[in-house]
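Right, one structure below, let's go through it.
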Amino acid sequence: MRVDLAGFAREGALGDHAALMYLVERADALGFGGIWFNEFHFAREALPYPSTLLLGAEILARTERLRFGTSILVLPLYHPLMLAEQIAQLDFQSGGRVDLGIGRGTEPATFTALEISRDDAHRRFCEALRIMIEAWTKPHCSADAGPWKFANVAVGPPPVQKPHPPVYVAGVSEETVDIAARNGFPLLLSLEPNEARQLPVFHAALERHGASRASLTASSLSRYVVIAPTRAEADERVDTLLDRLNTRRAERALARGMTPPEPRSRALMMADFTIAGTPEECHAQLHALSARTGSSSIRCLFSANGLIANDVALRGMELFAAEVLPALDRQASSPSPFENAGNEPALQGVNS
């Protein structure tokens with residue numbers, strides 16, 4: 001099972017940049033597969049890393065085997081030639097350790113600030129993806145319709161990973177999930193809410209297209225992880241996390257002029273959102289989750305998107321790496337995680 005990390009700097013860094021880089025270096029040494037960062041813009045005080053690719057360049061320079069993933073890059077915000085070029089360079093610089101999570105974006109304020117119509121988001125997403133794949137896999141690429149028009153542009157350097165860096169799709173709508181199913185791309189499965197809303201749509205799309213289940217196996221789950229030497233200590237930490245999480249959910253709803261949701265119960269927290277307990281219990285829960293969903297990849301949120309301090313999260317990572325990772329019988333390296341990466345680029349109907 002591939003075990004990655006996520007959730008650091010999601011709600012603003014707890015500690016300075018050097019502390020985050022120390023955590024990244026420890027993750028590399030401990031044997032985690034990769035680390036993922038989100039893209040959000042125009043929040044001056046809360047989000048220190050609006051550019052995931054700039055952050056990724058430093059992380060990949062500081063590490064030797066850890067992969068770096070974007071969760072997600074909002075494709076409609078970018079000119080695809082520039083983005084394809086930057087990702088190709090990052091893949092080249094890192095020796096092929098880039099994972100590309102992509103999506104259409106859900107923050108209206110960002111589209112408004114950049115004067116991009118949200119009504120064009122799907123069209124821009126589809127055409128940007130088509131152009132980027134072509135830019136990575138052909139000597140020249142062209143576009144004669146849609147938001148961008150150009151002819152015979154060469155984009156380089158060639159990516160190290162063939163035919164291109166692994167692509168993961170974040171989405172819930174049938175039209176977005178269908179793109180993933182047709183092209184052999186795995187999904188980035190969400191946590192709030194969890195994968196229950198995405199997997200049925202993906203199962204139906206895979207069946208509709210007669211597609212391989214390899215993209216389901218490579219799809220990346222997401223869970224809060226609370227691990228401790230004893231069950232009692234883990235239970236106490238889960239209770240603390242649940243209180244903080246319920247408070248945050250209520251505050252966010254009120255800030256948006258909405259009625260706060262019902263507080264999440266402890267039973268629901270444990271069943272659908274959290275891996276928690278002793279190392280042995282965490283190992284068993286991971287196996288059960290994989291068996292239930294069909295996925296063999298997970299992004300672990302030891303910091304719970306900033307609700308758990310990074311030093312506490314790091315202690316959890318160290319215990320997990322010492323006792324759970326060996327039990328999962330992970331390979332030391334993380335190969336390209338889905339079958340399409342070793343074959344011809346797919347792009348079956350990205351524009352539809």
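Labels used: A, B, ... for chains in the order of the structure tokens, numbers from 1 for residues in each chain, and numbers from 1 for ligands as shown.
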
Inset, instruction - Within 9 Å of A:Ala143, counting only C-alpha atoms, which residues show up once you throw out same-chain ones fewer than 6 positions away? Write them as a list in words, please. - result: Glu127, Ile131, Lys149, Phe150, Ala151 and Asn152 of chain A

Inset, instruction - Skip A:Ile87 itself and residues of its chain fewer than 6 positions away, then list as JSON, numbers by chain all residues within 9 Å of it, counting only C-alpha atoms. - result: {"A": [53, 98, 100, 159, 165]}

Legend entry - Atomic separation - atom CA of A:Leu301 relative to atom CA of A:Ser265, Å: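 Result for atom CA of A:Ser265 versus atom CA of A:Leu301: 19.2 Å, one decimal.
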
Inset, instruction - Apply DSSP to the backbone of this structure and, from stretch 56-261 of chain A, keep only the residues in strand (DSSP E or B); write these as a count of residues only. - result: 34

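Proximity to A:Asp239 at 12 Å, evaluated using only C-alpha atoms and with sequence-adjacent residues fewer than 5 positions away removed, yields Val226, Ala232, Glu233, Ala234, Arg244, Leu245, Asn246, Arg264, Ser265, Arg266, Ala267, Met269, Met270, Thr274 and Ala276 of chain A.
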
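Coordinates place atom CA of A:Pro48 at a distance of 25.1 Å from atom CA of A:Leu221.
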
Inset, instruction - Give the answer as one residue: which of A:Glu195, A:Glu251, A:Glu39, A:Asp91 has the shortest atom-to-atom distance to A:Leu60, using only C-alpha atoms? - result: A:Asp91

Inset, instruction - Please provide the set of residues having any atom within 12 Å of A:Thr247, restricted to only C-alpha atoms, with same-chain residues fewer than 6 positions apart removed, written as number ranges by chain. - result: A: 240-241, 253-254, 260-264, 307

Inset, instruction - Using only C-alpha atoms, find the one residue out of A:Ala313, A:Val177, A:Val324, A:Val153 that sits nearest to A:Glu85. - result: A:Val153

Would you kindly return, as a CSV table (one decimal) with N, CA and C atoms, in the first residue's frame, each protein, DNA or RNA residue with an atom no farther than 8 Å from any atom of stretch 26-34 of chain A, considering only C-alpha atoms and excluding same-chain residues fewer than 6 positions away?
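Wrote it out as out16.csv, contents follow:
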chain,number,residue,atom,x,y,z
A,2,ARG,N,0.6,2.2,-0.9
A,2,ARG,CA,1.3,3.4,-0.9
A,2,ARG,C,0.7,4.4,0.2
A,3,VAL,N,1.6,4.9,1.0
A,3,VAL,CA,1.2,5.7,2.1
A,3,VAL,C,1.9,7.1,2.0
A,4,ASP,N,1.1,8.1,1.7
A,4,ASP,CA,1.5,9.5,1.5
A,4,ASP,C,1.1,10.4,2.6
A,5,LEU,N,1.5,11.6,2.6
A,5,LEU,CA,1.1,12.6,3.6
A,5,LEU,C,0.4,13.8,2.9
A,63,THR,N,14.9,16.5,-0.8
A,63,THR,CA,14.6,15.1,-0.5
A,63,THR,C,15.3,14.2,-1.6
A,64,GLU,N,15.3,12.9,-1.3
A,64,GLU,CA,16.0,12.0,-2.2
A,64,GLU,C,15.0,11.0,-2.9
A,65,ARG,N,13.9,10.6,-2.2
A,65,ARG,CA,13.0,9.6,-2.7
A,65,ARG,C,11.6,10.0,-2.6
A,66,LEU,N,11.2,11.0,-1.7
A,66,LEU,CA,9.9,11.4,-1.5
A,66,LEU,C,9.3,12.0,-2.8
A,67,ARG,N,8.1,11.6,-3.1
A,67,ARG,CA,7.4,12.2,-4.3
A,67,ARG,C,6.6,13.5,-3.8
A,68,PHE,N,6.4,14.3,-4.8
A,68,PHE,CA,5.6,15.6,-4.5
A,68,PHE,C,4.4,15.6,-5.4
A,69,GLY,N,3.2,15.8,-4.7
A,69,GLY,CA,2.0,15.9,-5.5
A,69,GLY,C,1.2,17.1,-5.3
A,317,MET,N,3.9,10.4,12.9
A,317,MET,CA,4.5,9.9,11.7
A,317,MET,C,5.7,9.0,12.0
A,318,GLU,N,6.5,9.3,13.1
A,318,GLU,CA,7.6,8.5,13.4
A,318,GLU,C,7.1,7.1,14.0
A,321,ALA,N,5.8,5.1,11.0
A,321,ALA,CA,6.8,4.6,10.1
A,321,ALA,C,7.6,3.5,10.8
A,322,ALA,N,7.7,3.5,12.1
A,322,ALA,CA,8.5,2.5,12.8
A,322,ALA,C,7.7,1.2,12.8
A,325,LEU,N,4.4,1.0,8.7
A,325,LEU,CA,4.9,0.9,7.4
A,325,LEU,C,5.5,-0.5,7.1
A,332,ALA,N,10.5,0.0,-1.0
A,332,ALA,CA,11.3,1.2,-0.7
A,332,ALA,C,11.0,2.4,-1.6
A,333,SER,N,10.8,2.1,-2.9
A,333,SER,CA,10.5,3.1,-3.9
A,333,SER,C,9.0,3.1,-4.3
A,334,SER,N,8.6,4.2,-4.8
A,334,SER,CA,7.2,4.3,-5.3
A,334,SER,C,7.2,4.4,-6.8

Inset, instruction - May I have all residues of stretch 36-247 of chain A that DSSP, computed from the backbone, assigns to helix (DSSP H, G or I), given as number ranges by chain? - result: A: 52-62, 75-77, 80-94, 108-113, 118-137, 174-183, 195-197, 199-209, 214-218, 231-247

Inset, instruction - Quick one: pull the distance between atom CA of A:Pro229 and atom CA of A:Thr278, Å, one decimal. - result: 5.5 Å

Inset, instruction - With a distance cut-off of 12 Å and only C-alpha atoms, select the neighbouring residues of A:Leu216, excluding the residue or stretch itself and same-chain residues fewer than 6 positions from it, and output the selection as an MDAnalysis selection string. - result: chainID A and resid 168:169 177 180:181 184:189 195 198:207 290:297 337:339

File dump, residues just selected, N, CA and C atoms, as a JSON list (two decimals), in the first residue's frame:
[["chain", "number", "residue", "atom", "x", "y", "z"],
["A", 168, "TYR", "N", -3.76, 12.57, -11.62],
["A", 168, "TYR", "CA", -4.89, 12.22, -10.76],
["A", 168, "TYR", "C", -5.96, 13.27, -10.94],
["A", 169, "VAL", "N", -7.22, 12.86, -10.96],
["A", 169, "VAL", "CA", -8.33, 13.78, -11.16],
["A", 169, "VAL", "C", -9.12, 13.93, -9.88],
["A", 177, "VAL", "N", -15.52, 12.92, -13.53],
["A", 177, "VAL", "CA", -15.12, 11.55, -13.20],
["A", 177, "VAL", "C", -15.04, 10.70, -14.46],
["A", 180, "ALA", "N", -11.67, 10.85, -16.07],
["A", 180, "ALA", "CA", -10.70, 9.97, -15.41],
["A", 180, "ALA", "C", -10.89, 8.52, -15.86],
["A", 181, "ALA", "N", -12.13, 8.04, -15.87],
["A", 181, "ALA", "CA", -12.39, 6.65, -16.20],
["A", 181, "ALA", "C", -11.96, 6.34, -17.63],
["A", 184, "GLY", "N", -7.94, 6.29, -17.92],
["A", 184, "GLY", "CA", -7.10, 5.50, -17.02],
["A", 184, "GLY", "C", -6.45, 6.31, -15.93],
["A", 185, "PHE", "N", -7.04, 7.48, -15.59],
["A", 185, "PHE", "CA", -6.49, 8.30, -14.53],
["A", 185, "PHE", "C", -7.15, 7.94, -13.20],
["A", 186, "PRO", "N", -6.38, 7.77, -12.13],
["A", 186, "PRO", "CA", -6.99, 7.57, -10.82],
["A", 186, "PRO", "C", -7.59, 8.86, -10.28],
["A", 187, "LEU", "N", -8.41, 8.72, -9.25],
["A", 187, "LEU", "CA", -9.01, 9.88, -8.60],
["A", 187, "LEU", "C", -8.23, 10.25, -7.36],
["A", 188, "LEU", "N", -8.24, 11.54, -7.04],
["A", 188, "LEU", "CA", -7.88, 12.02, -5.71],
["A", 188, "LEU", "C", -9.19, 12.05, -4.91],
["A", 189, "LEU", "N", -9.33, 11.11, -4.00],
["A", 189, "LEU", "CA", -10.57, 10.98, -3.24],
["A", 189, "LEU", "C", -10.56, 11.93, -2.06],
["A", 195, "GLU", "N", -14.93, 9.78, 0.46],
["A", 195, "GLU", "CA", -15.01, 9.18, -0.87],
["A", 195, "GLU", "C", -16.36, 8.57, -1.23],
["A", 198, "GLN", "N", -17.87, 9.92, -4.36],
["A", 198, "GLN", "CA", -17.12, 9.80, -5.60],
["A", 198, "GLN", "C", -17.07, 8.37, -6.14],
["A", 199, "LEU", "N", -16.90, 7.39, -5.25],
["A", 199, "LEU", "CA", -16.68, 6.03, -5.72],
["A", 199, "LEU", "C", -17.84, 5.46, -6.54],
["A", 200, "PRO", "N", -19.10, 5.65, -6.14],
["A", 200, "PRO", "CA", -20.17, 5.11, -6.99],
["A", 200, "PRO", "C", -20.16, 5.69, -8.41],
["A", 201, "VAL", "N", -19.85, 6.98, -8.53],
["A", 201, "VAL", "CA", -19.78, 7.61, -9.84],
["A", 201, "VAL", "C", -18.62, 7.01, -10.65],
["A", 202, "PHE", "N", -17.50, 6.78, -9.98],
["A", 202, "PHE", "CA", -16.32, 6.20, -10.66],
["A", 202, "PHE", "C", -16.59, 4.75, -11.07],
["A", 203, "HIS", "N", -17.19, 3.96, -10.18],
["A", 203, "HIS", "CA", -17.53, 2.58, -10.52],
["A", 203, "HIS", "C", -18.41, 2.53, -11.76],
["A", 204, "ALA", "N", -19.41, 3.39, -11.81],
["A", 204, "ALA", "CA", -20.32, 3.40, -12.96],
["A", 204, "ALA", "C", -19.60, 3.80, -14.24],
["A", 205, "ALA", "N", -18.70, 4.78, -14.14],
["A", 205, "ALA", "CA", -17.96, 5.22, -15.33],
["A", 205, "ALA", "C", -17.01, 4.14, -15.82],
["A", 206, "LEU", "N", -16.33, 3.48, -14.91],
["A", 206, "LEU", "CA", -15.44, 2.39, -15.32],
["A", 206, "LEU", "C", -16.21, 1.28, -16.01],
["A", 207, "GLU", "N", -17.36, 0.94, -15.47],
["A", 207, "GLU", "CA", -18.18, -0.11, -16.09],
["A", 207, "GLU", "C", -18.71, 0.34, -17.44],
["A", 290, "SER", "N", -8.83, -0.45, 2.57],
["A", 290, "SER", "CA", -8.41, -0.81, 1.22],
["A", 290, "SER", "C", -9.32, -1.89, 0.63],
["A", 291, "ALA", "N", -9.64, -2.87, 1.44],
["A", 291, "ALA", "CA", -10.51, -3.95, 0.96],
["A", 291, "ALA", "C", -11.90, -3.43, 0.63],
["A", 292, "ARG", "N", -12.39, -2.49, 1.42],
["A", 292, "ARG", "CA", -13.74, -1.97, 1.22],
["A", 292, "ARG", "C", -13.84, -1.08, -0.01],
["A", 293, "THR", "N", -12.80, -0.31, -0.29],
["A", 293, "THR", "CA", -12.86, 0.68, -1.36],
["A", 293, "THR", "C", -12.20, 0.22, -2.66],
["A", 294, "GLY", "N", -11.29, -0.73, -2.59],
["A", 294, "GLY", "CA", -10.54, -1.15, -3.76],
["A", 294, "GLY", "C", -9.31, -0.32, -4.05],
["A", 295, "SER", "N", -9.01, 0.64, -3.18],
["A", 295, "SER", "CA", -7.84, 1.50, -3.37],
["A", 295, "SER", "C", -6.67, 1.00, -2.53],
["A", 296, "SER", "N", -5.47, 1.11, -3.08],
["A", 296, "SER", "CA", -4.26, 0.71, -2.34],
["A", 296, "SER", "C", -3.33, 1.90, -2.14],
["A", 297, "SER", "N", -3.90, 3.09, -2.04],
["A", 297, "SER", "CA", -3.10, 4.30, -1.83],
["A", 297, "SER", "C", -3.88, 5.22, -0.90],
["A", 337, "PRO", "N", 2.16, 4.94, -10.36],
["A", 337, "PRO", "CA", 1.12, 4.24, -9.66],
["A", 337, "PRO", "C", -0.05, 3.73, -10.49],
["A", 338, "PHE", "N", -0.07, 3.93, -11.80],
["A", 338, "PHE", "CA", -1.19, 3.36, -12.54],
["A", 338, "PHE", "C", -0.74, 2.93, -13.92],
["A", 339, "GLU", "N", -1.46, 1.97, -14.47],
["A", 339, "GLU", "CA", -0.98, 1.26, -15.64],
["A", 339, "GLU", "C", -0.81, 2.14, -16.86]]

Inset, instruction - Write out as a VMD selection string the residues lying within 9 Å of A:Phe302, counting only C-alpha atoms and excluding same-chain residues fewer than 6 positions away. - result: chain A and resid 5 to 8 223 to 227 308 310 312 to 314 316 to 317

Legend entry - Among listed residues A:Ala88, A:Leu83, A:Ala218, A:Ala113, nearest A:Leu129 (using only C-alpha atoms): A:Leu83
